[in-house]
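A short write-up of the structure that comes next.
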Amino acid sequence: MARVLVIGGAGYIGSHVVKALLQSGHRVCVFDNLSTGQKINLFDMADFEEGDILDYTRLSEVMSQGFDAVVHLAAKKAVGESMENPNKYSLNNIQGSLNILMTMADNNVKNIVFSSSAAVYGMPEYLPVDEKHPVKPINYYGFTKLEIEKFMDWYDTLKGIKYVALRYFNAVGYDADGDIKGKEKNPQNLLPIIMETATGVRAEMSVFGSDYDTRDGTCIRDYIHVSDLATAHVLAIEKLIAGMPSAVLNLGTGEGTSVKEMIEAAERVIGTKINVKYADRRPGDPAVLIASSDKARELLGWEPKYTNIDDIIQTTWNLER
Ligand code: WQD
């Protein structure tokens with residue numbers, strides 16, 4: 001049993017990580033400022049400390065309780081916004097993460113699992129993308145994630161803080177038991193937008209580009225179920241505590257699904273037509289992005305359980321009923 005501080009544990013991915021940790025018998029404390037995280041996502045079995053990672057005193061106070069590991073998922077994650085308002089990302093993502101590393105060093109907390117992103121790679125030069133792929137982010141959000149990975153590497157060298165950076169591909173789905181109910185507000189990603197269109201929150205949605213060099217002309221992505229992501233965090237913590245050296249790991253399924261295929265699958269699951277219009281390409285979108293997660297499979301013994309896109313979409317649709 002490990003004592004784990006989950007920073008950002010009231011958010012979409014964080015709440016799934018908390019559930020997975022509790023199910024594996026670990027003790028959990030959530031630290032969250034509830035800016036995008038929601039109280040409805042908290043679990044009774046986990047402690048909750050409200051606070052902001054930019055409040056160094058408050059963060060130090062909580063860190064001084066003593067933890068075997070930290071999971072850090074407290075970040076801004078809207079790619080478009082990061083280009084328009086980089087200061088927000090410098091502050092929340094960079095400064096906030098540095099505060100976490102500094103308070104960990106001060107309080108002798110020795111392990112961290114960090115929520116990184118496929119955005120560190122930029123435009124793929126080959127597929128599937130493995131961890132040896134060059135890192136050249138094309139947006140400020142991706143740059144912040146890459147810099148934090150580098151800071152963690154220095155804190156490993158200088159302070160012996162071991163880390164696992166998990167580079168998520170496209171996170172989708174919800175807890176299959178329905179234990180996590182907080183829907184993201186103002187969602188920016190494909191599947192929540194499909195859901196909003198199906199439920200009439202939006203009159204129609206756009207498919208960004210239909211002339212890509214792919215099997216149906218629309219972009220292909222590697223959609224990974226959030227509960228599978230969550231399992232990888234638990235394994236990473238357990239391996240770090242058992243002495244595994246620091247590592248950077250991709251998390252994806254290795255399977256690609258096109259935008260059209262996602263919409264068709266949602267239509268099958270929901271049983272209605274989605275009102276779609278075909279629009280121009282969105283700047284910065286690669287045609288295909290697929291992960292090689294062989295390293296995570298090897299080092300963590302991790303295996304994604306969700307392989308069928310209809311099943312994944314069903315777990316999101318359950319929230320609407
Ligand atoms: C998926 C596909 C769109 C909306 C982003 C970030 C990445 C990571 C996850 C994390 C693309 C298409 C979308 C719509 C559409 N960030 N699309 N109509 O861009 O692959 O990845 O989120 O924190 O860093 O870049 O995800 O869900 O925005 O798009 O056609 O209304 O759906 O063009 O091909 P993306 P997404």
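Residue numbering restarts at 1 for every chain of the structure tokens, chains are lettered A, B, ... in their displayed order, and ligands are numbered from 1 as they appear.
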
Proximity of segment 271-303 of chain A to segment 247-256 of chain A: per-residue shortest pair, 7 Å limit, only C-alpha atoms, as JSON lines:
{"residue": "A:Ile290", "atom": "CA", "partner": "A:Gly254", "partner_atom": "CA", "distance": 5.8}
{"residue": "A:Ala291", "atom": "CA", "partner": "A:Gly254", "partner_atom": "CA", "distance": 5.1}
{"residue": "A:Ser292", "atom": "CA", "partner": "A:Gly254", "partner_atom": "CA", "distance": 5.6}
{"residue": "A:Ser293", "atom": "CA", "partner": "A:Asn250", "partner_atom": "CA", "distance": 5.2}
{"residue": "A:Lys295", "atom": "CA", "partner": "A:Leu249", "partner_atom": "CA", "distance": 6.3}
{"residue": "A:Ala296", "atom": "CA", "partner": "A:Leu249", "partner_atom": "CA", "distance": 5.6}

* If you count only C-alpha atoms, which residues fall within 10 Å of segment 67-71 of chain A, apart from same-chain ones fewer than 3 positions away, as number ranges by chain? -> A: 1-9, 14, 17-18, 27-30, 62-64, 74, 100-101, 104, 107-115, 161-164, 233-234, 236-238, 240-241

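The residue that comes closest to Asn189 of chain A, out of A:Leu73, A:Met205, A:Ala265, A:Ala46 and on the basis of only C-alpha atoms, is A:Met205.
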
* **Per-residue DSSP, segment 99-235 of chain A, filtered to helix (DSSP H, G or I), as a PyMOL selection string** => chain A and resi 99-106+118-120+140-159+190-198+226-235

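Nearest residue to ligand 1, choosing from A:Pro86, A:Gly173, A:Pro128, A:Gly80 and counting only C-alpha atoms and all ligand atoms: A:Gly80.
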
I'd like a table as JSON lines: residues in chain A with an atom no more than 7 Å from ligand 1, each row giving the shortest atom pair and its distance in Å to one decimal, only C-alpha atoms and all ligand atoms counted, sorted by chain and rising residue number.
{"residue": "A:Lys77", "atom": "CA", "partner": "ligand 1", "partner_atom_place_in_ligand_line": "23 (O)", "distance": 4.7}
{"residue": "A:Ala78", "atom": "CA", "partner": "ligand 1", "partner_atom_place_in_ligand_line": "23 (O)", "distance": 6.7}
{"residue": "A:Val79", "atom": "CA", "partner": "ligand 1", "partner_atom_place_in_ligand_line": "25 (O)", "distance": 6.0}
{"residue": "A:Ser117", "atom": "CA", "partner": "ligand 1", "partner_atom_place_in_ligand_line": "24 (O)", "distance": 5.8}
{"residue": "A:Ala118", "atom": "CA", "partner": "ligand 1", "partner_atom_place_in_ligand_line": "24 (O)", "distance": 5.8}
{"residue": "A:Ala119", "atom": "CA", "partner": "ligand 1", "partner_atom_place_in_ligand_line": "24 (O)", "distance": 4.1}
{"residue": "A:Gly142", "atom": "CA", "partner": "ligand 1", "partner_atom_place_in_ligand_line": "24 (O)", "distance": 6.5}
{"residue": "A:Phe169", "atom": "CA", "partner": "ligand 1", "partner_atom_place_in_ligand_line": "9 (C)", "distance": 6.3}
{"residue": "A:Asn170", "atom": "CA", "partner": "ligand 1", "partner_atom_place_in_ligand_line": "9 (C)", "distance": 4.8}
{"residue": "A:Ala171", "atom": "CA", "partner": "ligand 1", "partner_atom_place_in_ligand_line": "9 (C)", "distance": 6.7}
{"residue": "A:Gln188", "atom": "CA", "partner": "ligand 1", "partner_atom_place_in_ligand_line": "28 (O)", "distance": 6.0}
{"residue": "A:Asn189", "atom": "CA", "partner": "ligand 1", "partner_atom_place_in_ligand_line": "27 (O)", "distance": 3.2}
{"residue": "A:Leu190", "atom": "CA", "partner": "ligand 1", "partner_atom_place_in_ligand_line": "27 (O)", "distance": 3.8}
{"residue": "A:Leu191", "atom": "CA", "partner": "ligand 1", "partner_atom_place_in_ligand_line": "27 (O)", "distance": 6.6}
{"residue": "A:Ile193", "atom": "CA", "partner": "ligand 1", "partner_atom_place_in_ligand_line": "31 (O)", "distance": 5.9}
{"residue": "A:Met205", "atom": "CA", "partner": "ligand 1", "partner_atom_place_in_ligand_line": "31 (O)", "distance": 5.7}
{"residue": "A:Ser206", "atom": "CA", "partner": "ligand 1", "partner_atom_place_in_ligand_line": "18 (N)", "distance": 4.9}
{"residue": "A:Val207", "atom": "CA", "partner": "ligand 1", "partner_atom_place_in_ligand_line": "30 (O)", "distance": 3.4}
{"residue": "A:Phe208", "atom": "CA", "partner": "ligand 1", "partner_atom_place_in_ligand_line": "30 (O)", "distance": 4.0}
{"residue": "A:Gly209", "atom": "CA", "partner": "ligand 1", "partner_atom_place_in_ligand_line": "30 (O)", "distance": 6.9}
{"residue": "A:Thr218", "atom": "CA", "partner": "ligand 1", "partner_atom_place_in_ligand_line": "34 (O)", "distance": 7.0}
{"residue": "A:Cys219", "atom": "CA", "partner": "ligand 1", "partner_atom_place_in_ligand_line": "34 (O)", "distance": 4.3}
{"residue": "A:Ile220", "atom": "CA", "partner": "ligand 1", "partner_atom_place_in_ligand_line": "34 (O)", "distance": 6.2}
{"residue": "A:Arg221", "atom": "CA", "partner": "ligand 1", "partner_atom_place_in_ligand_line": "20 (O)", "distance": 6.1}
{"residue": "A:Val259", "atom": "CA", "partner": "ligand 1", "partner_atom_place_in_ligand_line": "32 (O)", "distance": 5.4}
{"residue": "A:Arg281", "atom": "CA", "partner": "ligand 1", "partner_atom_place_in_ligand_line": "33 (O)", "distance": 6.9}
{"residue": "A:Arg282", "atom": "CA", "partner": "ligand 1", "partner_atom_place_in_ligand_line": "33 (O)", "distance": 5.8}
{"residue": "A:Asp285", "atom": "CA", "partner": "ligand 1", "partner_atom_place_in_ligand_line": "33 (O)", "distance": 6.0}

Excluding Ser35 of chain A and its own-chain neighbours fewer than 3 positions away, which residues fall within 10 Å of it when counting only C-alpha atoms? Please give them as a PDB file with N, CA and C atoms, in the first residue's frame.
ATOM      1  N   GLY A   8      -4.666  17.362  -9.132  1.00  0.00           N
ATOM      2  CA  GLY A   8      -5.585  17.371 -10.275  1.00  0.00           C
ATOM      3  C   GLY A   8      -6.511  16.164 -10.245  1.00  0.00           C
ATOM      4  N   ALA A  10      -9.468  15.790  -9.172  1.00  0.00           N
ATOM      5  CA  ALA A  10     -10.908  15.983  -9.377  1.00  0.00           C
ATOM      6  C   ALA A  10     -11.233  16.176 -10.854  1.00  0.00           C
ATOM      7  N   GLY A  11     -10.221  16.111 -11.692  1.00  0.00           N
ATOM      8  CA  GLY A  11     -10.426  16.314 -13.127  1.00  0.00           C
ATOM      9  C   GLY A  11     -10.821  15.036 -13.846  1.00  0.00           C
ATOM     10  N   ASP A  32      -6.559  19.697  -5.435  1.00  0.00           N
ATOM     11  CA  ASP A  32      -7.178  20.242  -6.654  1.00  0.00           C
ATOM     12  C   ASP A  32      -7.728  21.625  -6.336  1.00  0.00           C
ATOM     13  N   GLN A  38     -14.026  18.821 -10.588  1.00  0.00           N
ATOM     14  CA  GLN A  38     -15.363  18.988 -10.007  1.00  0.00           C
ATOM     15  C   GLN A  38     -15.513  18.128  -8.760  1.00  0.00           C
ATOM     16  N   ASP A  52      -4.180  25.319  -4.707  1.00  0.00           N
ATOM     17  CA  ASP A  52      -3.679  25.629  -6.044  1.00  0.00           C
ATOM     18  C   ASP A  52      -2.178  25.366  -6.070  1.00  0.00           C
ATOM     19  N   ALA A  74      -2.387  18.290 -12.896  1.00  0.00           N
ATOM     20  CA  ALA A  74      -2.999  19.617 -12.807  1.00  0.00           C
ATOM     21  C   ALA A  74      -2.404  20.519 -13.877  1.00  0.00           C
ATOM     22  N   LYS A  76      -3.329  23.111 -17.646  1.00  0.00           N
ATOM     23  CA  LYS A  76      -4.193  23.633 -18.710  1.00  0.00           C
ATOM     24  C   LYS A  76      -3.896  22.814 -19.957  1.00  0.00           C
TER      25      LYS A  76
END

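In this comparison, which uses only C-alpha atoms, the residue of A:Gly271, A:Leu91, A:Asn99, A:His26 approaching Asp55 of chain A most closely is A:Asn99.
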
Could you list, as a PDB file with C-alpha atoms, in the first residue's frame, every residue within 9 Å of Lys19 of chain A, counting only C-alpha atoms and ignoring same-chain residues fewer than 6 positions away?
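Ended up saving to selection14.pdb:
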ATOM      1  CA  PHE A  43     -14.356   9.697  -3.921  1.00  0.00           C
ATOM      2  CA  ASP A 175     -15.575   4.779 -16.003  1.00  0.00           C
ATOM      3  CA  ASP A 179     -18.705   6.150 -10.736  1.00  0.00           C
ATOM      4  CA  ILE A 180     -17.349   9.281 -12.419  1.00  0.00           C
ATOM      5  CA  ALA A 230      -5.528   5.174 -15.201  1.00  0.00           C
TER       6      ALA A 230
END
